[in-house]
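Peer 1: I'm passing along structure-v6.txt; it holds compact mmCIF, C-alpha atoms.
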# COMPACT_ATOMS: atom_id res chain seq x y z
CA MET A 24 108.48 135.08 147.34
CA ALA A 25 106.82 133.56 150.40
CA VAL A 26 106.60 129.77 150.58
CA SER A 27 103.97 128.03 152.67
CA PRO A 28 104.89 125.11 154.97
CA ALA A 29 102.63 122.83 152.88
CA GLN A 30 104.57 123.75 149.71
CA VAL A 31 107.91 123.01 151.41
CA GLU A 32 106.60 119.67 152.69
CA ASN A 33 105.26 118.80 149.22
CA GLU A 34 108.59 119.70 147.55
CA GLU A 35 110.46 117.63 150.14
CA LEU A 36 108.19 114.68 149.44
CA TRP A 37 108.84 114.97 145.70
CA ALA A 38 112.58 115.34 146.23
CA GLY A 39 112.60 112.36 148.60
CA ALA A 40 110.61 110.25 146.17
CA SER A 41 112.97 110.96 143.30
CA LEU A 42 116.06 110.06 145.33
CA ALA A 43 114.64 107.36 147.58
CA ASN A 44 114.16 104.54 145.09
CA PRO A 45 116.24 104.78 141.89
CA ALA A 46 115.62 101.06 141.18
CA GLY A 47 111.88 101.70 141.23
CA ARG A 48 112.29 104.58 138.79
CA THR A 49 114.38 102.42 136.46
CA ALA A 50 111.83 99.62 136.58
CA GLY A 51 109.02 102.09 135.95
CA PHE A 52 110.88 103.59 133.00
CA ALA A 53 111.58 100.10 131.59
CA ALA A 54 107.90 99.20 131.96
CA TRP A 55 106.82 102.35 130.08
CA LEU A 56 109.47 101.73 127.43
CA GLY A 57 108.34 98.11 127.01
CA ALA A 58 104.69 99.14 126.82
CA GLY A 59 105.54 101.80 124.24
CA ALA A 60 107.46 99.29 122.13
CA LEU A 61 104.56 96.84 122.34
CA VAL A 62 102.07 99.52 121.27
CA ALA A 63 104.33 100.59 118.37
CA ALA A 64 104.78 97.00 117.20
CA THR A 65 101.01 96.43 117.43
CA LEU A 66 100.33 99.55 115.33
CA VAL A 67 102.84 98.43 112.68
CA VAL A 68 101.32 94.95 112.50
CA LEU A 69 97.80 96.43 112.25
CA ALA A 70 98.91 98.86 109.51
CA LEU A 71 100.50 96.02 107.55
CA SER A 72 97.74 93.46 108.03
CA ILE A 73 94.45 95.36 108.32
CA GLY A 74 95.35 98.61 106.55
CA PRO A 75 95.47 97.04 103.07
CA ARG A 76 91.88 95.86 103.49
CA LEU A 77 90.70 99.43 104.09
CA LEU A 78 93.17 101.69 102.27
CA PRO A 79 94.53 101.76 98.70
CA TYR A 80 97.77 99.86 99.28
CA ARG A 81 98.96 96.30 99.66
CA ALA A 82 101.72 94.86 101.79
CA TYR A 83 103.51 91.58 101.53
CA ALA A 84 106.73 89.97 102.69
CA ILE A 85 109.73 89.36 100.46
CA GLU A 86 110.53 85.65 100.75
CA SER A 87 113.35 85.25 98.21
CA GLY A 88 116.60 87.03 97.48
CA SER A 89 115.95 87.81 93.82
CA MET A 90 115.61 91.55 94.52
CA ALA A 91 118.54 91.85 96.95
CA PRO A 92 120.04 94.20 97.98
CA THR A 93 117.21 96.58 97.04
CA LEU A 94 114.59 94.40 98.79
CA PRO A 95 116.28 91.97 101.20
CA VAL A 96 114.56 88.80 102.37
CA GLY A 97 112.23 89.56 105.27
CA SER A 98 111.34 93.07 104.13
CA GLU A 99 107.68 94.03 104.03
CA VAL A 100 106.98 95.91 100.80
CA ILE A 101 104.22 98.46 100.49
CA LEU A 102 102.61 98.59 97.05
CA ARG A 103 100.38 101.24 95.50
CA PRO A 104 97.85 100.60 92.72
CA THR A 105 99.05 101.94 89.37
CA ARG A 106 97.68 101.84 85.84
CA ALA A 107 99.87 99.62 83.67
CA SER A 108 100.14 102.43 81.11
CA ALA A 109 101.88 104.61 83.78
CA LEU A 110 104.65 102.07 84.45
CA ARG A 111 108.13 102.69 83.06
CA VAL A 112 111.47 100.92 82.77
CA GLY A 113 113.08 100.92 86.23
CA ASP A 114 109.81 100.62 88.19
CA ILE A 115 109.52 97.74 90.63
CA ILE A 116 106.20 95.95 90.23
CA THR A 117 104.39 93.04 91.86
CA PHE A 118 102.41 90.71 89.64
CA LYS A 119 101.06 87.18 89.46
CA ARG A 120 103.63 84.95 87.87
CA PRO A 121 102.32 84.17 84.36
CA ASP A 122 103.19 80.46 84.55
CA ASN A 123 101.82 80.09 88.12
CA GLY A 124 98.90 82.44 88.87
CA ARG A 125 99.02 81.78 92.64
CA GLU A 126 102.57 83.05 93.12
CA LEU A 127 103.33 86.77 93.43
CA VAL A 128 106.61 88.09 92.05
CA THR A 129 108.21 91.46 92.75
CA HIS A 130 110.76 92.39 90.08
CA ARG A 131 112.01 95.45 88.22
CA ILE A 132 110.87 96.36 84.70
CA VAL A 133 114.02 96.23 82.54
CA ARG A 134 112.47 96.58 79.10
CA VAL A 135 109.16 97.15 77.32
CA GLU A 136 108.44 95.06 74.22
CA ARG A 137 105.69 95.14 71.59
CA ARG A 138 104.30 91.87 70.30
CA HIS A 139 101.24 91.38 68.13
CA GLY A 140 100.20 94.98 68.72
CA HIS A 141 100.36 94.74 72.56
CA ARG A 142 102.89 96.03 75.08
CA PHE A 143 104.60 93.66 77.50
CA PHE A 144 107.02 94.26 80.37
CA VAL A 145 110.25 92.30 80.58
CA THR A 146 111.13 91.95 84.27
CA LYS A 147 114.21 90.86 86.20
CA GLY A 148 115.19 90.51 89.80
CA ASP A 149 118.06 92.83 90.75
CA ALA A 150 120.11 89.84 91.99
CA ASN A 151 119.39 87.76 88.88
CA SER A 152 121.80 87.74 85.94
CA VAL A 153 119.15 87.26 83.23
CA PRO A 154 115.61 88.59 82.69
CA ASP A 155 112.60 86.47 83.62
CA ALA A 156 111.45 83.84 81.10
CA TRP A 157 107.97 85.36 80.91
CA LEU A 158 106.42 88.61 79.71
CA VAL A 159 104.01 90.64 81.85
CA PRO A 160 101.12 92.15 79.83
CA ASP A 161 100.70 95.93 79.97
CA THR A 162 96.97 95.85 80.80
CA GLY A 163 94.70 97.05 83.60
CA THR A 164 95.92 98.10 87.01
CA GLY A 165 98.79 96.56 88.91
CA TRP A 166 100.94 97.17 91.96
CA ARG A 167 104.01 99.42 92.00
CA TYR A 168 106.55 99.36 94.83
CA ALA A 169 106.29 102.43 97.10
CA PHE A 170 108.61 101.62 100.03
CA ARG A 171 109.74 98.84 102.35
CA VAL A 172 109.82 98.19 106.07
CA PRO A 173 113.03 96.24 106.78
CA ALA A 174 112.58 92.93 108.65
CA ALA A 175 108.85 93.53 109.22
CA GLY A 176 108.08 90.72 106.79
CA TYR A 177 109.52 88.22 109.26
CA LEU A 178 107.10 89.49 111.90
CA VAL A 179 104.09 89.39 109.58
CA LEU A 180 104.97 85.91 108.26
CA GLY A 181 105.65 84.72 111.79
CA LEU A 182 102.29 85.95 113.05
CA GLY A 183 100.67 83.87 110.33
CA LEU A 184 101.76 80.74 112.20
CA PRO A 185 99.25 79.45 114.79
CA ILE A 186 101.98 78.81 117.38
CA ALA A 187 103.21 82.42 117.05
CA ARG A 188 99.71 83.81 117.58
CA LEU A 189 99.27 81.58 120.63
CA ALA A 190 102.64 82.74 122.00
CA LEU A 191 101.67 86.38 121.44
CA LEU A 192 98.37 85.93 123.27
CA ALA A 193 100.19 84.15 126.11
CA LEU A 194 102.72 87.01 126.33
CA ILE A 195 99.94 89.59 126.52
CA ALA A 196 98.16 87.56 129.22
CA LEU A 197 101.41 87.27 131.22
CA LEU A 198 102.05 91.02 130.98
CA LEU A 199 98.52 91.80 132.15
CA ALA A 200 98.81 89.30 135.02
CA ALA A 201 102.21 90.67 136.05
CA THR A 202 100.85 94.22 136.07
CA ALA A 203 97.85 93.20 138.19
CA LEU A 204 100.01 91.22 140.65
CA ARG A 205 102.50 94.08 140.92
CA ARG A 206 99.69 96.42 141.95
CA ILE A 207 98.30 93.91 144.44
CA TRP A 208 101.66 93.10 146.00
CA ARG A 209 103.04 96.63 145.99
CA ALA A 210 104.21 97.64 149.45
CA PRO A 211 102.15 100.43 150.99
CA ALA A 212 103.84 103.83 151.02
CA PRO A 213 105.49 104.83 154.31
CA GLY A 214 103.09 106.67 156.57
CA SER A 215 99.98 105.06 155.01
Let me see the structure of the file written as structure tokens.
Peer 2:
Amino acid sequence: MAVSPAQVENEELWAGASLANPAGRTAGFAAWLGAGALVAATLVVLALSIGPRLLPYRAYAIESGSMAPTLPVGSEVILRPTRASALRVGDIITFKRPDNGRELVTHRIVRVERRHGHRFFVTKGDANSVPDAWLVPDTGTGWRYAFRVPAAGYLVLGLGLPIARLALLALIALLLAATALRRIWRAPAPGS
């Protein structure tokens, strides 16, 4: 196979570039890796914060150890809507605490009881030794545990703090500024 002088020169330039500056290649790889991690983290945060407003699931952070080790503190749980009549013993559900309607609780159904002609769920945290003091009515639609994202709850809770959002915006601004300055200050290629 015949090779033109231009092809040889081009291959030599590529070979020289790959061997000439290994530190530059490492820095470039680290920059791409960092950018990829930032994009992945952004997509996870968007899926956990905006997704539930548009799609049929909910996400929230586990803030207590009552469901450990199944759901450790800091996990982000993903919940799917489920008819109460479809729930069974062993299912993990999220519900408003009957004695405090503002607090959400995620516990396992350990028993189903009938009282006054109605079904109620008896729930218990996996780490608790006794069932909860309340009964959860078997009515309407509720939230059943689907899966968890370990430690993502810390990130979501942290981003709820104003100082964390400010720090994130500052980090993004610094990365953009560093990228712009790197391009401005980059040394011209030899022979340019």
Peer 1: Quick check, in Å to one decimal: how far apart do CA of Trp55 (chain A) and CA of Tyr177 (chain A) lie?
Peer 2: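 So the two atoms, CA of Trp55 (chain A) and CA of Tyr177 (chain A), lie 25.3 Å apart.
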Peer 1: Which residues are near Arg106 (chain A)? Cut-off 10 Å, all atoms listed in the file, ignore same chain within fewer than 5 positions. Put them as JSON, numbers by chain.
Peer 2: {"A": [161, 162, 163, 164, 165, 166, 167]}
Peer 1: Work out how far CA of Ala203 (chain A) is from CA of Leu189 (chain A), in Å to one decimal.
Peer 2: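 These two atoms are separated by 21.1 Å.
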Peer 1: For Tyr168 (chain A), which residue among A:Gly113, A:Gly140, A:Pro75, A:Gly57 is the nearest when counting all atoms listed in the file?
Peer 2: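 Of all the options, A:Gly113 lies closest to Tyr168 (chain A).
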Peer 1: Leaving out region 81-89 of chain A and any residue of its chain fewer than 5 positions from it, which residues lie within 7 Å of it when counting all atoms listed in the file, given as an MDAnalysis selection string?
Peer 2: chainID A and resid 71 75 95:103 148:151 176
Peer 1: Just the number, please: distance in Å from CA of Leu204 (chain A) to CA of Leu69 (chain A), one decimal.
Peer 2: 29.0 Å
